[in-house]
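Data block for input-v9.txt (compact mmCIF, C-alpha atoms):
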# COMPACT_ATOMS: atom_id res chain seq x y z
CA MET A 1 -12.28 -24.02 -2.51
CA LYS A 2 -13.12 -22.50 0.88
CA ILE A 3 -12.17 -18.85 1.44
CA ALA A 4 -12.47 -16.96 4.73
CA VAL A 5 -12.73 -13.22 4.06
CA LEU A 6 -11.48 -11.38 7.13
CA CYS A 7 -12.63 -7.78 7.55
CA GLY A 8 -13.68 -5.22 10.16
CA GLY A 9 -11.38 -5.17 13.16
CA LEU A 10 -10.66 -2.20 15.40
CA SER A 11 -8.85 0.31 13.22
CA HIS A 12 -10.21 3.67 12.12
CA GLU A 13 -10.50 2.10 8.67
CA ARG A 14 -12.98 -0.48 9.96
CA ASP A 15 -15.83 0.71 7.71
CA VAL A 16 -13.55 0.71 4.66
CA SER A 17 -12.53 -2.85 5.50
CA ILE A 18 -16.14 -4.00 5.81
CA SER A 19 -16.95 -2.43 2.45
CA SER A 20 -13.97 -4.21 0.89
CA GLY A 21 -14.85 -7.51 2.57
CA THR A 22 -18.52 -7.56 1.58
CA GLY A 23 -17.67 -6.78 -2.03
CA ILE A 24 -14.97 -9.45 -2.17
CA ALA A 25 -17.27 -12.08 -0.62
CA LEU A 26 -20.00 -11.33 -3.16
CA ALA A 27 -17.59 -11.52 -6.09
CA LEU A 28 -16.02 -14.81 -4.96
CA ARG A 29 -19.41 -16.44 -4.30
CA GLU A 30 -20.47 -15.49 -7.82
CA ARG A 31 -17.35 -17.28 -9.10
CA GLY A 32 -18.24 -20.50 -7.24
CA TYR A 33 -16.08 -20.22 -4.12
CA SER A 34 -17.41 -21.24 -0.70
CA VAL A 35 -16.96 -18.06 1.32
CA ALA A 36 -17.22 -17.28 5.03
CA LEU A 37 -17.27 -13.53 5.73
CA VAL A 38 -16.15 -12.77 9.28
CA ASP A 39 -15.48 -9.62 11.31
CA LEU A 40 -12.08 -9.90 12.99
CA PHE A 41 -13.23 -8.13 16.17
CA LEU A 42 -16.86 -9.22 16.52
CA GLY A 43 -16.34 -12.79 15.36
CA VAL A 44 -19.32 -15.15 15.27
CA THR A 45 -21.70 -15.44 18.22
CA GLU A 46 -24.51 -17.52 16.68
CA TRP A 47 -22.47 -20.66 16.21
CA ASN A 48 -23.82 -23.67 14.31
CA GLY A 49 -20.45 -25.10 13.40
CA VAL A 50 -17.78 -23.86 11.07
CA GLU A 51 -18.97 -25.62 7.92
CA ALA A 52 -22.32 -23.84 7.98
CA LEU A 53 -20.56 -20.50 7.53
CA PHE A 54 -19.08 -21.55 4.18
CA THR A 55 -22.53 -22.32 2.73
CA GLU A 56 -23.69 -18.67 2.83
CA LYS A 57 -24.96 -17.37 -0.52
CA GLY A 58 -25.19 -13.87 -1.95
CA GLY A 59 -24.94 -11.01 0.53
CA GLN A 60 -24.99 -7.24 0.38
CA GLN A 61 -22.31 -4.71 -0.56
CA ILE A 62 -21.76 -2.25 2.30
CA PHE A 63 -20.58 1.27 1.48
CA VAL A 64 -18.31 3.60 3.47
CA ALA A 65 -19.83 6.36 5.62
CA GLU A 66 -18.62 9.95 5.43
CA LYS A 67 -16.69 9.80 8.72
CA ALA A 68 -14.45 7.17 10.28
CA PRO A 69 -16.20 5.10 12.99
CA GLU A 70 -16.01 5.77 16.73
CA LEU A 71 -14.02 2.81 18.01
CA ALA A 72 -15.37 3.12 21.56
CA ALA A 73 -18.82 2.32 20.20
CA VAL A 74 -17.44 -0.69 18.33
CA ARG A 75 -15.67 -2.01 21.45
CA ALA A 76 -18.96 -1.78 23.36
CA MET A 77 -20.49 -4.25 20.89
CA ARG A 78 -18.41 -7.12 22.27
CA PRO A 79 -17.58 -7.53 25.97
CA GLY A 80 -14.14 -8.86 26.79
CA GLN A 81 -10.59 -8.13 25.78
CA GLY A 82 -8.49 -8.65 22.72
CA LEU A 83 -8.63 -7.92 19.03
CA ILE A 84 -9.94 -11.28 17.83
CA GLY A 85 -13.58 -12.24 18.29
CA PRO A 86 -15.18 -15.63 18.96
CA HIS A 87 -14.43 -18.49 16.53
CA VAL A 88 -12.32 -16.34 14.16
CA LEU A 89 -9.25 -18.58 14.30
CA GLU A 90 -11.44 -21.68 13.99
CA ILE A 91 -12.95 -20.31 10.78
CA CYS A 92 -9.54 -19.35 9.37
CA GLN A 93 -8.15 -22.82 10.11
CA ALA A 94 -11.06 -24.40 8.23
CA ALA A 95 -10.41 -22.33 5.11
CA ASP A 96 -8.07 -23.18 2.24
CA MET A 97 -7.07 -19.50 2.14
CA VAL A 98 -7.81 -16.42 4.22
CA LEU A 99 -8.36 -13.35 2.07
CA LEU A 100 -7.35 -10.38 4.18
CA ALA A 101 -9.70 -7.46 3.57
CA LEU A 102 -8.38 -5.67 6.66
CA HIS A 103 -7.20 -2.07 6.47
CA GLY A 104 -5.44 0.22 8.91
CA GLU A 105 -3.02 -0.45 11.73
CA GLU A 106 -4.61 -3.53 13.29
CA GLY A 107 -4.89 -5.29 9.93
CA GLU A 108 -1.75 -4.12 8.17
CA ASN A 109 0.91 -3.83 10.88
CA GLY A 110 1.94 -7.48 10.68
CA LYS A 111 0.40 -8.76 13.91
CA ILE A 112 -2.45 -10.66 12.25
CA GLN A 113 -0.07 -11.99 9.60
CA ALA A 114 2.33 -13.26 12.29
CA LEU A 115 -0.54 -14.92 14.18
CA LEU A 116 -1.75 -16.68 11.05
CA ASP A 117 1.83 -17.83 10.36
CA ILE A 118 2.06 -19.33 13.86
CA TYR A 119 -1.09 -21.36 13.24
CA GLY A 120 0.02 -22.39 9.75
CA ILE A 121 -2.91 -20.57 8.13
CA ARG A 122 -2.50 -19.44 4.53
CA TYR A 123 -3.45 -15.86 3.71
CA THR A 124 -3.32 -13.31 0.91
CA GLY A 125 -0.91 -10.39 0.72
CA SER A 126 2.41 -9.57 2.32
CA GLY A 127 3.90 -11.35 5.30
CA TYR A 128 4.35 -9.95 8.79
CA LEU A 129 7.71 -8.25 8.19
CA GLY A 130 6.85 -6.34 5.01
CA SER A 131 3.51 -5.39 6.55
CA ALA A 132 5.17 -4.00 9.69
CA LEU A 133 7.76 -2.03 7.73
CA ALA A 134 5.26 -0.46 5.33
CA MET A 135 2.78 0.41 8.09
CA ASN A 136 5.29 2.61 9.92
CA LYS A 137 5.80 5.63 7.68
CA SER A 138 8.98 6.71 9.48
CA LEU A 139 10.60 3.32 8.90
CA THR A 140 9.34 3.32 5.32
CA LYS A 141 10.96 6.71 4.63
CA GLU A 142 14.29 5.59 6.07
CA LEU A 143 14.37 2.32 4.12
CA LEU A 144 13.42 4.03 0.87
CA ARG A 145 15.97 6.79 1.42
CA GLN A 146 18.68 4.14 1.87
CA ALA A 147 17.49 2.47 -1.34
CA GLY A 148 17.91 5.75 -3.24
CA ILE A 149 14.17 6.30 -3.70
CA PRO A 150 13.11 9.98 -3.37
CA VAL A 151 10.89 10.81 -0.38
CA PRO A 152 9.79 14.23 0.92
CA PRO A 153 12.05 15.60 3.70
CA GLY A 154 10.43 15.17 7.10
CA ILE A 155 10.74 14.50 10.80
CA THR A 156 9.09 12.26 13.39
CA VAL A 157 7.53 13.99 16.39
CA ARG A 158 6.66 12.00 19.51
CA LYS A 159 3.98 12.67 22.08
CA GLY A 160 5.37 14.46 25.12
CA GLN A 161 8.30 15.85 23.16
CA THR A 162 8.66 19.61 23.70
CA PRO A 163 9.35 21.93 22.10
CA HIS A 164 8.00 20.47 18.86
CA ASP A 165 10.38 20.64 15.92
CA ASN A 166 8.85 21.37 12.52
CA PRO A 167 10.00 20.73 8.93
CA GLY A 168 9.00 24.21 7.75
CA PHE A 169 5.77 25.39 6.20
CA PRO A 170 3.68 24.35 4.43
CA CYS A 171 3.95 20.78 5.65
CA VAL A 172 1.83 17.65 5.94
CA VAL A 173 1.15 16.19 9.40
CA LYS A 174 -0.08 12.60 9.65
CA PRO A 175 -0.02 9.57 11.96
CA CYS A 176 3.05 7.38 11.56
CA SER A 177 0.96 4.22 11.33
CA GLY A 178 -2.43 5.39 10.13
CA GLY A 179 -4.19 5.01 6.83
CA SER A 180 -6.97 6.44 4.66
CA SER A 181 -5.69 9.94 5.56
CA VAL A 182 -7.40 9.75 8.98
CA GLY A 183 -5.86 12.57 11.07
CA THR A 184 -3.88 13.96 8.13
CA THR A 185 -3.67 17.76 7.86
CA ILE A 186 -1.89 20.27 5.59
CA VAL A 187 -0.64 23.14 7.78
CA ARG A 188 0.82 26.54 6.91
CA SER A 189 1.68 28.16 10.25
CA PRO A 190 3.08 27.31 13.71
CA GLU A 191 -0.42 27.65 15.20
CA GLU A 192 -1.93 25.23 12.68
CA TYR A 193 1.02 22.90 13.26
CA GLU A 194 0.39 22.62 17.01
CA ALA A 195 -3.33 22.03 16.40
CA ALA A 196 -2.51 19.32 13.85
CA LEU A 197 -0.16 17.57 16.28
CA GLU A 198 -2.83 17.64 18.96
CA LEU A 199 -5.28 16.03 16.53
CA VAL A 200 -2.92 13.23 15.49
CA PHE A 201 -1.88 12.50 19.08
CA ARG A 202 -5.49 11.44 19.68
CA TYR A 203 -4.82 8.51 17.36
CA GLU A 204 -1.25 7.52 18.23
CA ASP A 205 1.95 8.67 19.90
CA SER A 206 4.14 9.22 16.82
CA VAL A 207 3.56 11.81 14.12
CA LEU A 208 5.23 12.23 10.74
CA ALA A 209 5.61 15.84 9.64
CA GLU A 210 7.02 16.23 6.16
CA GLU A 211 7.55 18.98 3.64
CA PHE A 212 4.51 19.63 1.45
CA VAL A 213 5.33 18.79 -2.16
CA SER A 214 3.03 20.48 -4.66
CA GLY A 215 2.32 18.46 -7.77
CA ARG A 216 0.29 15.70 -9.39
CA GLU A 217 -0.99 12.95 -7.09
CA LEU A 218 -0.31 9.54 -8.61
CA THR A 219 -0.75 5.97 -7.46
CA VAL A 220 0.33 2.67 -8.96
CA GLY A 221 -0.67 -0.85 -7.99
CA ILE A 222 1.84 -3.68 -7.91
CA LEU A 223 0.51 -7.15 -8.69
CA ASP A 224 2.88 -10.11 -8.28
CA GLY A 225 5.83 -7.72 -8.45
CA ARG A 226 4.75 -6.00 -11.68
CA ALA A 227 3.29 -2.52 -11.96
CA MET A 228 -0.35 -2.00 -12.88
CA PRO A 229 -1.65 1.08 -14.77
CA VAL A 230 -1.01 4.44 -13.08
CA ILE A 231 -3.92 6.54 -11.77
CA GLU A 232 -3.88 10.31 -11.35
CA ILE A 233 -6.01 11.55 -8.42
CA ILE A 234 -7.68 14.97 -8.63
CA PRO A 235 -9.89 15.84 -5.61
CA LYS A 236 -12.67 18.28 -6.52
CA SER A 237 -11.95 20.21 -3.32
CA GLY A 238 -9.29 20.06 -0.60
CA PHE A 239 -6.89 17.14 -0.62
CA TYR A 240 -7.32 13.37 -0.91
CA ASP A 241 -8.70 12.85 2.60
CA TYR A 242 -11.04 10.16 4.02
CA LYS A 243 -14.18 11.80 2.64
CA ASN A 244 -12.72 12.38 -0.83
CA LYS A 245 -11.43 8.80 -0.96
CA TYR A 246 -14.63 6.96 -0.19
CA LEU A 247 -17.64 9.10 -1.10
CA PRO A 248 -18.60 8.70 -4.78
CA GLY A 249 -18.16 11.77 -6.95
CA MET A 250 -15.75 13.61 -4.62
CA THR A 251 -12.60 12.89 -6.66
CA GLU A 252 -11.73 12.56 -10.33
CA GLU A 253 -9.54 9.52 -10.94
CA LEU A 254 -7.90 9.23 -14.35
CA CYS A 255 -6.92 5.68 -15.31
CA PRO A 256 -4.59 5.39 -17.02
CA ALA A 257 -3.06 8.68 -15.91
CA PRO A 258 -2.42 11.20 -18.73
CA LEU A 259 1.36 10.86 -18.61
CA THR A 260 3.94 10.49 -21.33
CA THR A 261 5.28 6.99 -21.98
CA ALA A 262 8.54 7.95 -20.24
CA GLU A 263 6.70 9.38 -17.21
CA THR A 264 4.50 6.29 -16.94
CA GLU A 265 7.51 3.98 -17.06
CA ARG A 266 9.29 6.10 -14.44
CA VAL A 267 6.34 5.93 -12.04
CA GLN A 268 5.83 2.20 -12.58
CA THR A 269 9.53 1.44 -12.08
CA LEU A 270 9.57 3.49 -8.89
CA GLY A 271 6.50 1.61 -7.62
CA GLU A 272 8.18 -1.73 -8.27
CA GLN A 273 11.34 -0.52 -6.51
CA VAL A 274 9.35 0.54 -3.42
CA TYR A 275 7.55 -2.82 -3.38
CA ALA A 276 10.88 -4.67 -3.52
CA ALA A 277 12.68 -2.43 -0.99
CA LEU A 278 9.99 -3.11 1.64
CA GLY A 279 9.84 -6.85 0.93
CA LEU A 280 6.17 -6.84 -0.07
CA GLU A 281 4.35 -9.82 -1.59
CA VAL A 282 1.35 -10.60 -3.79
CA TYR A 283 0.08 -7.03 -4.26
CA GLY A 284 0.20 -3.50 -2.91
CA ARG A 285 -0.22 0.11 -3.91
CA VAL A 286 2.38 2.88 -3.92
CA ASP A 287 1.32 6.53 -3.60
CA LEU A 288 3.52 9.21 -5.15
CA ILE A 289 3.56 12.86 -6.06
CA MET A 290 5.22 14.32 -9.16
CA ASP A 291 6.45 17.90 -8.79
CA LYS A 292 6.60 20.51 -11.54
CA ALA A 293 10.11 19.42 -12.48
CA GLY A 294 8.90 15.86 -13.05
CA VAL A 295 10.58 14.44 -9.92
CA CYS A 296 8.51 11.70 -8.27
CA TYR A 297 8.48 11.31 -4.50
CA CYS A 298 7.10 8.24 -2.74
CA LEU A 299 4.58 9.18 -0.04
CA GLU A 300 3.73 5.70 1.27
CA ALA A 301 3.08 2.07 0.42
CA ASN A 302 -0.16 0.20 1.16
CA THR A 303 0.07 -3.55 1.77
CA LEU A 304 -3.70 -4.19 1.83
CA PRO A 305 -5.10 -1.44 -0.40
CA GLY A 306 -8.83 -0.75 -0.51
CA MET A 307 -11.14 -3.00 -2.50
CA THR A 308 -14.30 -0.89 -2.14
CA PRO A 309 -16.51 0.26 -5.06
CA THR A 310 -14.52 3.53 -5.22
CA SER A 311 -11.06 2.03 -4.63
CA LEU A 312 -8.10 2.36 -6.94
CA ILE A 313 -6.73 -1.18 -7.36
CA PRO A 314 -10.03 -2.43 -8.88
CA GLN A 315 -9.94 0.46 -11.37
CA MET A 316 -6.41 -0.54 -12.37
CA GLY A 317 -7.63 -4.12 -12.79
CA VAL A 318 -10.37 -3.00 -15.17
CA ALA A 319 -7.78 -1.09 -17.22
CA MET A 320 -5.86 -4.38 -17.49
CA GLY A 321 -8.99 -6.26 -18.62
CA MET A 322 -9.85 -7.83 -15.24
CA ASP A 323 -13.25 -7.38 -13.64
CA PHE A 324 -13.53 -7.29 -9.84
CA GLY A 325 -14.16 -11.03 -9.48
CA GLN A 326 -11.20 -11.90 -11.69
CA LEU A 327 -8.98 -9.58 -9.64
CA CYS A 328 -10.03 -11.23 -6.37
CA GLN A 329 -9.38 -14.67 -7.87
CA ARG A 330 -5.97 -13.51 -9.09
CA LEU A 331 -5.02 -12.43 -5.55
CA ILE A 332 -5.83 -15.92 -4.32
CA GLU A 333 -3.84 -17.58 -7.11
CA ILE A 334 -0.75 -15.42 -6.53
CA SER A 335 -0.98 -15.99 -2.77
CA GLN A 336 -1.06 -19.75 -3.29
CA LYS A 337 2.37 -19.52 -4.92
CA LYS A 338 3.81 -18.27 -1.60
CA TYR A 339 3.09 -21.66 -0.05
CA GLN A 340 4.28 -23.94 -2.83
Once you've parsed the file, please lay out its structure as structure tokens.
Amino acid sequence: MKIAVLCGGLSHERDVSISSGTGIALALRERGYSVALVDLFLGVTEWNGVEALFTEKGGQQIFVAEKAPELAAVRAMRPGQGLIGPHVLEICQAADMVLLALHGEEGENGKIQALLDIYGIRYTGSGYLGSALAMNKSLTKELLRQAGIPVPPGITVRKGQTPHDNPGFPCVVKPCSGGSSVGTTIVRSPEEYEAALELVFRYEDSVLAEEFVSGRELTVGILDGRAMPVIEIIPKSGFYDYKNKYLPGMTEELCPAPLTTAETERVQTLGEQVYAALGLEVYGRVDLIMDKAGVCYCLEANTLPGMTPTSLIPQMGVAMGMDFGQLCQRLIEISQKKYQ
């Protein structure tokens, strides 16, 4: 079976995506799949025909750097316009399945999924609509609120809007469509709030500012509609930002989370409800926080969660008895059911 692993792209999570993609390609090759690993933005310049790309063996796991990449430098690596590099579509059309290892706005906002749909290309993960809904945190909050799922109170602030409203302090300020906590800040004063808005407006024009909920950080994967084990996240310093997510040893991750049976079931049920409310498919990850009273609030849903050596979904897989290669194969098998 021929698998095209699509990674890279032009989001601020580019390095995370490449780490996910290289690990997935290695694991699938070890399990006997013919795998072409391709960067969505850079594509393939040394072209010897599409079939040659699926004969690659081995490879090297790439790890995530401490800081998100400078996208201007990435754009300079390929002259020309557009998100998709040379021969990318050709490679995807030659594959039996495209495994999407893309992260961030350009990989998870539904555009790539819609393009693949137009060309009749099969791919892993959610479709274009669920991807678009989950990527926009403001839309996500509204849909979940209507479904009766608790979310922290918050507001959307747009670039150029003055004066800037605020949800009260402390609050969390983050991009509406970002990921990996890039640009996310916890603020405790009007001065910090304005500085945080200025930071996020460098990334996009819409900002979500929501009430800071103090409590236990939890996350639960959803695989084929069913909840995986819950993980509790305990950063050793600060909050669960880009650095704490991807540098080894920066965060303690307890899997399964030390919760009571009732608490675990509550978190898993809530994760499944979020997954269903947003119309997600194949797999995803739901991030929550449990306050001191035991109330769980959904923070966001991830349609293409990280698959790096420090990522959470692979840890949940291990707790279920699946090694990384088995998990990758399972994603392919579940995705195939979408097209039957």
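With distances taken over all atoms listed in the file, A:Cys171 is the one residue among A:Ile289, A:Ala227, A:Met320, A:Cys171 lying closest to Leu197 (chain A).
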I'd like the contact shell of Asn166 (chain A) - 9 Å cut-off, all atoms listed in the file, skipping same-chain residues fewer than 2 positions apart - returned as a list in words.
Gly154, Ile155, Val157, His164, Gly168, Phe169, Cys171, Pro190, Tyr193, Ala209 and Glu210 of chain A
C-alpha atoms of the current selection, written as a tab-separated table (two decimals), in the frame of the given file:
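Result written to result.tsv:
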chain	number	residue	atom	x	y	z
A	154	GLY	CA	10.43	15.17	7.10
A	155	ILE	CA	10.74	14.50	10.80
A	157	VAL	CA	7.53	13.99	16.39
A	164	HIS	CA	8.00	20.47	18.86
A	168	GLY	CA	9.00	24.21	7.75
A	169	PHE	CA	5.77	25.39	6.20
A	171	CYS	CA	3.95	20.78	5.65
A	190	PRO	CA	3.08	27.31	13.71
A	193	TYR	CA	1.02	22.90	13.26
A	209	ALA	CA	5.61	15.84	9.64
A	210	GLU	CA	7.02	16.23	6.16
Select from region 233-333 of chain A every residue with an atom at most 7 Å from any atom of region 20-41 of chain A, then for each give the shortest pair of atoms and their distance in Å to one decimal, using only C-alpha atoms, rows by chain and rising number, as a tab-separated table.
residue	atom	partner	partner_atom	distance
A:Gly306	CA	A:Ser20	CA	6.4
A:Met307	CA	A:Ser20	CA	4.6
A:Thr308	CA	A:Ser20	CA	4.5
A:Phe324	CA	A:Ala27	CA	7.0
A:Gly325	CA	A:Ala27	CA	4.8
A:Cys328	CA	A:Ile24	CA	6.7
Using all atoms listed in the file, which residues sit within 8 Å of Tyr283 (chain A) once same-chain residues fewer than 2 positions away are excluded, as a count of residues only?
13
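Between Gly294 (chain A) and the candidates A:Pro258, A:Gly317, A:Pro309, A:Gly215, the tightest atom-to-atom separation, counting only C-alpha atoms, involves A:Gly215.
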Neighbouring residues of Leu254 (chain A) were defined as those with any atom within 7 Å, considering only C-alpha atoms; residues of the same chain fewer than 4 positions away were excluded. Please report them as a ChimeraX atom specification.
/A:231-233
Quick check, in Å to one decimal: how far apart do CA of Ala277 (chain A) and CA of Asn109 (chain A) lie?
16.8 Å
Let me make sure I understand: among A:His103, A:Gln161, A:Val172, A:Ala319, which one has the smallest atom-to-atom distance to Asp205 (chain A) if we use all atoms listed in the file?
A:Gln161
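In this model, the gap between CA of Ile112 (chain A) and CA of Glu198 (chain A) comes to 29.1 Å.
Separating CA of Ala95 (chain A) from CA of Lys2 (chain A) is a distance of 5.0 Å.
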Region 99-114 of chain A: axis-aligned bounding box, 5 Å on each side, centre and edge lengths in Å, one decimal, as JSON:
{"center_x": -3.7, "center_y": -6.6, "center_z": 8.0, "size_x": 22.0, "size_y": 23.6, "size_z": 21.8}
Pick out the residues sitting within 6 Å of region 127-130 of chain A, and hand them over as a compact mmCIF listing (two decimals) with C-alpha atoms, in the frame of the given file; count only C-alpha atoms, and ignore anything fewer than 3 positions along from it in its own chain.
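In the end it all went to part37.txt:
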# COMPACT_ATOMS: atom_id res chain seq x y z
CA GLY A 110 1.94 -7.48 10.68
CA GLN A 113 -0.07 -11.99 9.60
CA ALA A 114 2.33 -13.26 12.29
CA LEU A 133 7.76 -2.03 7.73
CA LEU A 278 9.99 -3.11 1.64
CA GLY A 279 9.84 -6.85 0.93
CA LEU A 280 6.17 -6.84 -0.07
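If you measure from each of A:Val213, A:Ala293, A:Leu218, A:Met135 to Pro153 (chain A) using all atoms listed in the file, the closest one turns out to be A:Val213.
Distances here use only C-alpha atoms; by that measure, the residue among A:Asp117, A:Asp96, A:Cys296, A:Thr45 closest to Glu263 (chain A) is A:Cys296.
If you measure from each of A:Ile332, A:Leu102, A:Val151, A:Val74 to Ser131 (chain A) using all atoms listed in the file, the closest one turns out to be A:Leu102.
Near Arg202 (chain A), within a cut-off of 12 Å and counting all atoms listed in the file, sit the residues His12, Lys159, Lys174, Pro175, Gly178, Val182, Gly183, Thr184, Ala195 and Ala196 of chain A, with same-chain residues fewer than 6 positions away left out.
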Write a file of the just-selected residues containing C-alpha atoms, as a short mmCIF file (atom, residue, chain, number, x, y, z; two decimals), in the frame of the given file.
data_model
loop_
_atom_site.label_atom_id
_atom_site.label_comp_id
_atom_site.auth_asym_id
_atom_site.auth_seq_id
_atom_site.Cartn_x
_atom_site.Cartn_y
_atom_site.Cartn_z
CA HIS A 12 -10.21 3.67 12.12
CA LYS A 159 3.98 12.67 22.08
CA LYS A 174 -0.08 12.60 9.65
CA PRO A 175 -0.02 9.57 11.96
CA GLY A 178 -2.43 5.39 10.13
CA VAL A 182 -7.40 9.75 8.98
CA GLY A 183 -5.86 12.57 11.07
CA THR A 184 -3.88 13.96 8.13
CA ALA A 195 -3.33 22.03 16.40
CA ALA A 196 -2.51 19.32 13.85
#
Could you pull region 140-151 of chain A out of the block above and give me N, CA, C and O atoms, as a PDB file, in the first residue's frame?
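See decode.pdb below for the written result:
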ATOM      1  N   THR A 140     -15.794  27.467  17.433  1.00  0.00           N
ATOM      2  CA  THR A 140     -15.830  26.286  18.299  1.00  0.00           C
ATOM      3  C   THR A 140     -16.580  26.584  19.594  1.00  0.00           C
ATOM      4  O   THR A 140     -17.460  25.824  20.015  1.00  0.00           O
ATOM      5  N   LYS A 141     -16.237  27.710  20.242  1.00  0.00           N
ATOM      6  CA  LYS A 141     -16.884  28.069  21.509  1.00  0.00           C
ATOM      7  C   LYS A 141     -18.387  28.221  21.331  1.00  0.00           C
ATOM      8  O   LYS A 141     -19.180  27.749  22.151  1.00  0.00           O
ATOM      9  N   GLU A 142     -18.800  28.859  20.240  1.00  0.00           N
ATOM     10  CA  GLU A 142     -20.227  29.091  20.029  1.00  0.00           C
ATOM     11  C   GLU A 142     -20.970  27.780  19.790  1.00  0.00           C
ATOM     12  O   GLU A 142     -22.054  27.546  20.345  1.00  0.00           O
ATOM     13  N   LEU A 143     -20.397  26.900  18.983  1.00  0.00           N
ATOM     14  CA  LEU A 143     -21.036  25.611  18.700  1.00  0.00           C
ATOM     15  C   LEU A 143     -21.120  24.751  19.961  1.00  0.00           C
ATOM     16  O   LEU A 143     -22.132  24.103  20.213  1.00  0.00           O
ATOM     17  N   LEU A 144     -20.058  24.753  20.753  1.00  0.00           N
ATOM     18  CA  LEU A 144     -20.068  23.946  21.975  1.00  0.00           C
ATOM     19  C   LEU A 144     -21.037  24.518  23.000  1.00  0.00           C
ATOM     20  O   LEU A 144     -21.721  23.773  23.700  1.00  0.00           O
ATOM     21  N   ARG A 145     -21.101  25.840  23.078  1.00  0.00           N
ATOM     22  CA  ARG A 145     -22.044  26.478  23.995  1.00  0.00           C
ATOM     23  C   ARG A 145     -23.476  26.079  23.631  1.00  0.00           C
ATOM     24  O   ARG A 145     -24.292  25.762  24.500  1.00  0.00           O
ATOM     25  N   GLN A 146     -23.788  26.079  22.331  1.00  0.00           N
ATOM     26  CA  GLN A 146     -25.128  25.689  21.891  1.00  0.00           C
ATOM     27  C   GLN A 146     -25.410  24.219  22.172  1.00  0.00           C
ATOM     28  O   GLN A 146     -26.562  23.829  22.367  1.00  0.00           O
ATOM     29  N   ALA A 147     -24.353  23.409  22.205  1.00  0.00           N
ATOM     30  CA  ALA A 147     -24.520  21.977  22.480  1.00  0.00           C
ATOM     31  C   ALA A 147     -24.555  21.685  23.980  1.00  0.00           C
ATOM     32  O   ALA A 147     -24.651  20.519  24.376  1.00  0.00           O
ATOM     33  N   GLY A 148     -24.463  22.732  24.804  1.00  0.00           N
ATOM     34  CA  GLY A 148     -24.510  22.548  26.247  1.00  0.00           C
ATOM     35  C   GLY A 148     -23.203  22.095  26.867  1.00  0.00           C
ATOM     36  O   GLY A 148     -23.178  21.590  27.996  1.00  0.00           O
ATOM     37  N   ILE A 149     -22.100  22.279  26.150  1.00  0.00           N
ATOM     38  CA  ILE A 149     -20.783  21.880  26.644  1.00  0.00           C
ATOM     39  C   ILE A 149     -20.114  23.094  27.273  1.00  0.00           C
ATOM     40  O   ILE A 149     -19.998  24.144  26.635  1.00  0.00           O
ATOM     41  N   PRO A 150     -19.673  23.006  28.535  1.00  0.00           N
ATOM     42  CA  PRO A 150     -19.084  24.169  29.213  1.00  0.00           C
ATOM     43  C   PRO A 150     -17.807  24.665  28.527  1.00  0.00           C
ATOM     44  O   PRO A 150     -16.933  23.867  28.178  1.00  0.00           O
ATOM     45  N   VAL A 151     -17.715  25.978  28.327  1.00  0.00           N
ATOM     46  CA  VAL A 151     -16.514  26.622  27.805  1.00  0.00           C
ATOM     47  C   VAL A 151     -16.247  27.868  28.654  1.00  0.00           C
ATOM     48  O   VAL A 151     -17.178  28.460  29.205  1.00  0.00           O
TER      49      VAL A 151
END
